[in-house]
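This report refers to the structure that appears directly beneath it.
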Amino acid sequence: MSNNNIIELLKNEPSYRYTQILTEAYSKLIDDWEKATNLPLKLRKKLKENFSLQVNGKIIDSGRTDCLKAVIEFEDRILVESVLLRHKDGRNTVCVSSQAGCVMDCLFCTTAATGFIRNLYSYEILAQLVFFQRVLGKENKRITNVVFMGMGEPLINYENTMEAIRILNNKHFFNIGQRKISVSTSGIPTGIKNLADEGLQLNLALSINAPNDEIRKLIMPGASKYPLNEILDSVRYYFEKTGRRIMFEYVLLKDINDKEEHAIELSGKIKDIEGFVNIIPFNGKGIYTKPSFDTINSFKSVLMKQKINVTQRYEFGSDISAACGQLVFRFN
Ligand code: SF4
């Protein structure tokens, strides 16, 4: 249901119709326009002819209830994956894809292996949320948090990402607070600055993964065309404009970026930026392996000695290929 098409369809309707229609689709989550009985019959018919409310998705059964991965299929048969993380404290976080595939080519990432297929439209990003909200709705629960950490680089698909975020945040639709929405980027300086200028309170995560350009070039060839210093300047700008602490995501790869000297170099680069490092021990397959428990701990303790705040991501979903950068389509 593209925004432009809706606006076109509603050009002879009163202006409040737009909110009414999106409320039906994104708050009441109706699955048939016939159920939107507050809309005139003629308009319902037009909507039914033009905009499907069906989401063609399927949960991939992992035998777990705290982490559900879904494959969503769009009209052109393109498949993307999304994940629902059900936290013990009651939060329900959905990790969405913003692109089918990805151009960035990070060597530790399963999505990169699929290549880039296309950007998702905002309504396709939102369809992933509708799918999981319908799952949660059966238990009278709601999505509380959204993270753009699935397939793709959201800041390359900027307009569609922002349109989806505005609808997520709108109190008439999903009503998810700005501070509950996180955008993860491999580091697109102009995109980060544009995001800073939106006047929103979104969380920004920088997938940094290396303390210098040499290692970034090795493991993130697509993202390394932007020098790390330029990326970090844009991140500083983001903090200045929003006051939001930055999350630095660091996928720890054995013998590549996991040495003490890497931790010291990383600290030097980011110590003036309000934020924290989220360590993600590699959990995928391919050319890299996961560092040992001792290496992970010593990397963390070097950072902490340098007065850097550190967290370690619980590898929620690693058994169903759903941790950071591990989403890949596979319609079982
Ligand atoms: S880690 Fe993110 S930016 Fe890099 S290839 Fe994977 S999806 Fe793209």
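Here's how to read the names in the structure tokens: chain A, B, ... by the order shown, residue numbers from 1 in each chain, ligand numbers from 1 in the order shown.
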Residues near A:Tyr250, cut-off 7 Å, only C-alpha atoms, skip fewer than 5 positions along chain, as a list in words: Ser207, Ile208, Asn209, Val277, Asn278, Ile279 and Ile280 of chain A
Please identify the residues whose atoms come within 6 Å of ligand 1, using only C-alpha atoms and all ligand atoms, and report them as a PyMOL selection string. chain A and resi 102+104-106+109+111-112+151-153+186+325
Just the selected residues (all heavy atoms), exported as an mmCIF file, in the first residue's frame, please.
data_model
loop_
_atom_site.group_PDB
_atom_site.id
_atom_site.type_symbol
_atom_site.label_atom_id
_atom_site.label_comp_id
_atom_site.auth_asym_id
_atom_site.auth_seq_id
_atom_site.Cartn_x
_atom_site.Cartn_y
_atom_site.Cartn_z
ATOM 1 N N CYS A 102 21.685 -7.013 -0.043
ATOM 2 C CA CYS A 102 22.407 -5.823 0.412
ATOM 3 C C CYS A 102 23.583 -5.558 -0.516
ATOM 4 O O CYS A 102 24.196 -6.491 -1.018
ATOM 5 C CB CYS A 102 22.905 -6.023 1.844
ATOM 6 S SG CYS A 102 23.634 -4.534 2.556
ATOM 7 N N MET A 104 26.289 -3.956 0.471
ATOM 8 C CA MET A 104 27.491 -3.615 1.222
ATOM 9 C C MET A 104 28.544 -4.720 1.282
ATOM 10 O O MET A 104 29.695 -4.459 1.561
ATOM 11 C CB MET A 104 27.136 -3.156 2.639
ATOM 12 C CG MET A 104 26.365 -1.858 2.660
ATOM 13 S SD MET A 104 26.985 -0.687 1.454
ATOM 14 C CE MET A 104 27.778 0.481 2.466
ATOM 15 N N ASP A 105 28.134 -5.935 1.076
ATOM 16 C CA ASP A 105 29.125 -6.988 0.883
ATOM 17 C C ASP A 105 30.011 -7.281 2.097
ATOM 18 O O ASP A 105 31.202 -7.581 1.928
ATOM 19 C CB ASP A 105 30.029 -6.558 -0.296
ATOM 20 C CG ASP A 105 30.276 -7.710 -1.233
ATOM 21 O OD1 ASP A 105 29.608 -8.735 -1.052
ATOM 22 O OD2 ASP A 105 31.152 -7.590 -2.105
ATOM 23 N N CYS A 106 29.477 -7.175 3.289
ATOM 24 C CA CYS A 106 30.289 -7.490 4.475
ATOM 25 C C CYS A 106 30.558 -9.002 4.480
ATOM 26 O O CYS A 106 29.617 -9.797 4.350
ATOM 27 C CB CYS A 106 29.559 -7.077 5.744
ATOM 28 S SG CYS A 106 29.089 -5.336 5.735
ATOM 29 N N CYS A 109 28.685 -11.545 6.751
ATOM 30 C CA CYS A 109 27.224 -11.443 6.774
ATOM 31 C C CYS A 109 26.585 -12.369 5.749
ATOM 32 O O CYS A 109 26.967 -12.363 4.578
ATOM 33 C CB CYS A 109 26.841 -9.998 6.481
ATOM 34 S SG CYS A 109 25.091 -9.772 6.196
ATOM 35 N N THR A 111 23.543 -12.201 4.602
ATOM 36 C CA THR A 111 22.745 -11.451 3.625
ATOM 37 C C THR A 111 23.591 -11.057 2.422
ATOM 38 O O THR A 111 23.134 -11.107 1.274
ATOM 39 C CB THR A 111 22.168 -10.170 4.278
ATOM 40 O OG1 THR A 111 21.322 -10.557 5.348
ATOM 41 C CG2 THR A 111 21.374 -9.342 3.288
ATOM 42 N N ALA A 112 24.839 -10.661 2.689
ATOM 43 C CA ALA A 112 25.708 -10.198 1.604
ATOM 44 C C ALA A 112 25.863 -11.268 0.529
ATOM 45 O O ALA A 112 25.960 -10.960 -0.661
ATOM 46 C CB ALA A 112 27.065 -9.809 2.170
ATOM 47 N N MET A 151 17.917 -7.546 6.832
ATOM 48 C CA MET A 151 18.626 -7.501 5.551
ATOM 49 C C MET A 151 18.685 -6.059 5.051
ATOM 50 O O MET A 151 17.691 -5.343 5.071
ATOM 51 C CB MET A 151 17.872 -8.346 4.517
ATOM 52 C CG MET A 151 17.738 -9.803 4.901
ATOM 53 S SD MET A 151 16.548 -10.680 3.852
ATOM 54 C CE MET A 151 17.580 -11.086 2.467
ATOM 55 N N GLY A 152 19.873 -5.664 4.587
ATOM 56 C CA GLY A 152 19.978 -4.376 3.908
ATOM 57 C C GLY A 152 20.546 -3.250 4.745
ATOM 58 O O GLY A 152 20.689 -3.354 5.961
ATOM 59 N N GLU A 153 20.892 -2.181 4.042
ATOM 60 C CA GLU A 153 21.442 -0.970 4.661
ATOM 61 C C GLU A 153 20.335 0.088 4.610
ATOM 62 O O GLU A 153 20.045 0.655 3.550
ATOM 63 C CB GLU A 153 22.694 -0.539 3.880
ATOM 64 C CG GLU A 153 23.196 0.858 4.144
ATOM 65 C CD GLU A 153 23.427 1.194 5.607
ATOM 66 O OE1 GLU A 153 24.349 0.646 6.211
ATOM 67 O OE2 GLU A 153 22.658 2.025 6.150
ATOM 68 N N SER A 186 25.869 0.541 8.382
ATOM 69 C CA SER A 186 27.273 0.153 8.229
ATOM 70 C C SER A 186 28.156 1.398 8.153
ATOM 71 O O SER A 186 29.377 1.285 8.150
ATOM 72 C CB SER A 186 27.439 -0.698 6.971
ATOM 73 O OG SER A 186 27.004 0.034 5.845
ATOM 74 N N GLY A 325 23.283 -9.568 11.119
ATOM 75 C CA GLY A 325 23.862 -9.849 9.809
ATOM 76 C C GLY A 325 23.724 -11.294 9.371
ATOM 77 O O GLY A 325 24.378 -11.735 8.440
#
Using only C-alpha atoms, what does the table of stretch 86-171 of chain A residues within 12 Å of stretch 33-55 of chain A look like, with each row giving the shortest atom pair and its distance in Å to one decimal, sorted by chain and ascending number, as a tab-separated table?
residue	atom	partner	partner_atom	distance
A:Tyr123	CA	A:Leu53	CA	10.5
A:Glu124	CA	A:Val55	CA	9.2
A:Ile125	CA	A:Val55	CA	11.2
A:Leu126	CA	A:Val55	CA	10.0
A:Ala127	CA	A:Val55	CA	6.3
A:Gln128	CA	A:Val55	CA	7.9
A:Leu129	CA	A:Val55	CA	9.9
A:Val130	CA	A:Val55	CA	7.6
A:Phe131	CA	A:Val55	CA	6.3
A:Phe132	CA	A:Val55	CA	10.0
A:Gln133	CA	A:Val55	CA	11.3
A:Arg134	CA	A:Val55	CA	9.9
A:Val135	CA	A:Val55	CA	11.7
Point-to-point distance from atom CA of A:Thr23 to atom CA of A:Asn5, Å rounded to tenths: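 About the pair atom CA of A:Thr23 and atom CA of A:Asn5: they are 16.4 Å apart.
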Among stretch 18-93 of chain A, which residues carry a DSSP assignment of helix (DSSP H, G or I), reported as a VMD selection string? chain A and resid 18 to 26 33 to 35 41 to 50
Would you save the residues from that selection as an mmCIF file, in the first residue's frame, using C-alpha atoms?
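And here's part18.cif as it stands now:
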data_model
loop_
_atom_site.group_PDB
_atom_site.id
_atom_site.type_symbol
_atom_site.label_atom_id
_atom_site.label_comp_id
_atom_site.auth_asym_id
_atom_site.auth_seq_id
_atom_site.Cartn_x
_atom_site.Cartn_y
_atom_site.Cartn_z
ATOM 1 C CA TYR A 18 -5.796 9.298 4.943
ATOM 2 C CA THR A 19 -5.566 8.888 8.719
ATOM 3 C CA GLN A 20 -8.715 6.758 8.741
ATOM 4 C CA ILE A 21 -7.336 4.377 6.136
ATOM 5 C CA LEU A 22 -3.916 3.986 7.724
ATOM 6 C CA THR A 23 -5.557 3.514 11.129
ATOM 7 C CA GLU A 24 -7.532 0.584 9.725
ATOM 8 C CA ALA A 25 -4.423 -0.940 8.143
ATOM 9 C CA TYR A 26 -1.787 -0.220 10.801
ATOM 10 C CA TRP A 33 -11.346 -3.552 3.558
ATOM 11 C CA GLU A 34 -14.982 -4.694 4.008
ATOM 12 C CA LYS A 35 -14.295 -4.502 7.747
ATOM 13 C CA LEU A 41 -18.816 1.626 0.529
ATOM 14 C CA LYS A 42 -17.478 3.021 -2.752
ATOM 15 C CA LEU A 43 -14.098 3.831 -1.196
ATOM 16 C CA ARG A 44 -13.878 0.393 0.444
ATOM 17 C CA LYS A 45 -14.461 -1.162 -2.953
ATOM 18 C CA LYS A 46 -11.714 0.972 -4.523
ATOM 19 C CA LEU A 47 -9.307 0.093 -1.712
ATOM 20 C CA LYS A 48 -10.104 -3.582 -2.081
ATOM 21 C CA GLU A 49 -9.383 -3.447 -5.800
ATOM 22 C CA ASN A 50 -6.092 -1.598 -5.358
#
Could you please determine the separation between atom CA of A:Gln306 and atom CA of A:Phe276 in Å, to one decimal place?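 Between atom CA of A:Gln306 and atom CA of A:Phe276 the gap is 11.9 Å.
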Once you count only C-alpha atoms, what closest atom pair and distance in Å to one decimal does each residue of stretch 224-273 of chain A within 9 Å of stretch 284-302 of chain A have, with rows by chain and rising residue number, as JSON lines?
{"residue": "A:Leu252", "atom": "CA", "partner": "A:Pro291", "partner_atom": "CA", "distance": 6.9}
{"residue": "A:Leu253", "atom": "CA", "partner": "A:Lys290", "partner_atom": "CA", "distance": 5.7}
{"residue": "A:Lys254", "atom": "CA", "partner": "A:Pro291", "partner_atom": "CA", "distance": 4.3}
{"residue": "A:Asp255", "atom": "CA", "partner": "A:Pro291", "partner_atom": "CA", "distance": 7.5}
{"residue": "A:Ile256", "atom": "CA", "partner": "A:Tyr288", "partner_atom": "CA", "distance": 8.5}
{"residue": "A:Asp258", "atom": "CA", "partner": "A:Phe299", "partner_atom": "CA", "distance": 6.5}
{"residue": "A:Lys259", "atom": "CA", "partner": "A:Phe299", "partner_atom": "CA", "distance": 6.7}
{"residue": "A:Glu260", "atom": "CA", "partner": "A:Phe299", "partner_atom": "CA", "distance": 5.8}
{"residue": "A:Glu261", "atom": "CA", "partner": "A:Val302", "partner_atom": "CA", "distance": 8.9}
{"residue": "A:His262", "atom": "CA", "partner": "A:Phe299", "partner_atom": "CA", "distance": 8.3}
{"residue": "A:Ala263", "atom": "CA", "partner": "A:Phe299", "partner_atom": "CA", "distance": 6.0}
{"residue": "A:Ile264", "atom": "CA", "partner": "A:Val302", "partner_atom": "CA", "distance": 6.8}
{"residue": "A:Ser267", "atom": "CA", "partner": "A:Val302", "partner_atom": "CA", "distance": 8.8}
Residue set, stretch 93-212 of chain A restricted to strand (DSSP E), as a ChimeraX atom specification: /A:93-95,99-101,116-119,145-148,181-185,203-207
Pick from A:Asn257, A:Ser27, A:Ile188, A:Thr114 nearest to A:Ile176, counting only C-alpha atoms: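 Under the stated criterion, the closest residue is A:Ser27.
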I need the residue nearest A:Glu249 from this list: A:Asn212, A:Gln201, A:Ser184, A:Asn309. Use only C-alpha atoms for the distance.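 Checking each of A:Asn212, A:Gln201, A:Ser184, A:Asn309 against A:Glu249, counting only C-alpha atoms, the winner is A:Ser184.
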Determine, counting only C-alpha atoms, which protein, DNA and RNA residues have an atom within 10 Å of an atom of A:Val235; residues of the same chain fewer than 2 positions away are not included. Present the result as a list in words.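 My list of contacting residues is Gly187, Ile188, Pro189, Ile192, Lys193, Ala196, Leu204, Ala205, Leu206, Asn229, Glu230, Ile231, Leu232, Asp233, Tyr237, Tyr238, Phe239, Glu240, Lys241, Arg245, Ile246, Ile270, Ile273 and Glu274 of chain A.
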Write the residues of the selection above to a file with C-alpha atoms, as a PDB file, in the first residue's frame.
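Ended up saving to out.pdb:
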ATOM      1  CA  GLY A 187      28.284   3.837   8.109  1.00  0.00           C
ATOM      2  CA  ILE A 188      26.870   6.141   5.415  1.00  0.00           C
ATOM      3  CA  PRO A 189      27.956   9.641   6.534  1.00  0.00           C
ATOM      4  CA  ILE A 192      23.628   9.642   9.289  1.00  0.00           C
ATOM      5  CA  LYS A 193      23.651  13.440   8.995  1.00  0.00           C
ATOM      6  CA  ALA A 196      20.284  13.658  12.617  1.00  0.00           C
ATOM      7  CA  LEU A 204      21.541   5.006  16.021  1.00  0.00           C
ATOM      8  CA  ALA A 205      23.716   1.906  15.863  1.00  0.00           C
ATOM      9  CA  LEU A 206      26.940   2.017  13.875  1.00  0.00           C
ATOM     10  CA  ASN A 229      37.068   9.290  10.491  1.00  0.00           C
ATOM     11  CA  GLU A 230      34.356  10.740   8.251  1.00  0.00           C
ATOM     12  CA  ILE A 231      31.838   8.196   9.549  1.00  0.00           C
ATOM     13  CA  LEU A 232      32.741   8.996  13.156  1.00  0.00           C
ATOM     14  CA  ASP A 233      32.367  12.728  12.483  1.00  0.00           C
ATOM     15  CA  TYR A 237      27.014  15.189  14.622  1.00  0.00           C
ATOM     16  CA  TYR A 238      24.173  12.724  15.284  1.00  0.00           C
ATOM     17  CA  PHE A 239      24.845  12.860  19.020  1.00  0.00           C
ATOM     18  CA  GLU A 240      25.097  16.667  19.008  1.00  0.00           C
ATOM     19  CA  LYS A 241      21.751  17.005  17.249  1.00  0.00           C
ATOM     20  CA  ARG A 245      23.914   7.700  22.838  1.00  0.00           C
ATOM     21  CA  ILE A 246      25.441   5.771  19.976  1.00  0.00           C
ATOM     22  CA  ILE A 270      35.444   6.536  19.963  1.00  0.00           C
ATOM     23  CA  ILE A 273      31.605   9.938  21.699  1.00  0.00           C
ATOM     24  CA  GLU A 274      28.751   9.237  24.145  1.00  0.00           C
TER      25      GLU A 274
END
Just to confirm, what's the straight-line distance from atom CA of A:Val251 to atom CA of A:Gln178 in Å (one decimal)? 25.8 Å
When you look at A:Leu68 with a cut-off of 8 Å (counting only C-alpha atoms), what residues show up, excluding the ones that are within fewer than 5 positions of it in the same chain? I need them as a PyMOL selection string. chain A and resi 59-62+83-85+317
Limited to N, CA and C atoms, could you put the picked residues into a file as a CSV table (one decimal), in the first residue's frame?
chain,number,residue,atom,x,y,z
A,59,ILE,N,6.1,-18.4,9.4
A,59,ILE,CA,7.1,-18.5,10.5
A,59,ILE,C,8.0,-19.8,10.2
A,60,ILE,N,9.3,-19.6,10.4
A,60,ILE,CA,10.2,-20.8,10.3
A,60,ILE,C,10.3,-21.4,11.6
A,61,ASP,N,9.8,-22.6,11.8
A,61,ASP,CA,9.8,-23.2,13.1
A,61,ASP,C,11.1,-23.6,13.6
A,62,SER,N,11.5,-23.1,14.7
A,62,SER,CA,12.8,-23.4,15.3
A,62,SER,C,12.6,-24.2,16.6
A,83,VAL,N,12.5,-10.9,12.2
A,83,VAL,CA,12.6,-11.7,13.4
A,83,VAL,C,11.9,-11.0,14.5
A,84,LEU,N,11.1,-11.7,15.3
A,84,LEU,CA,10.5,-11.2,16.5
A,84,LEU,C,11.2,-11.8,17.7
A,85,LEU,N,11.7,-10.9,18.5
A,85,LEU,CA,12.4,-11.3,19.8
A,85,LEU,C,11.5,-11.0,20.9
A,317,GLY,N,18.6,-16.1,18.9
A,317,GLY,CA,18.3,-16.5,17.5
A,317,GLY,C,19.4,-17.0,16.7
Which residues are near stretch 86-93 of chain A? Cut-off 10 Å, only C-alpha atoms, ignore same chain within fewer than 2 positions. Put them as a PyMOL selection string. chain A and resi 65-68+83-84+95-96+129+132-133+136+141-147+180-181+316
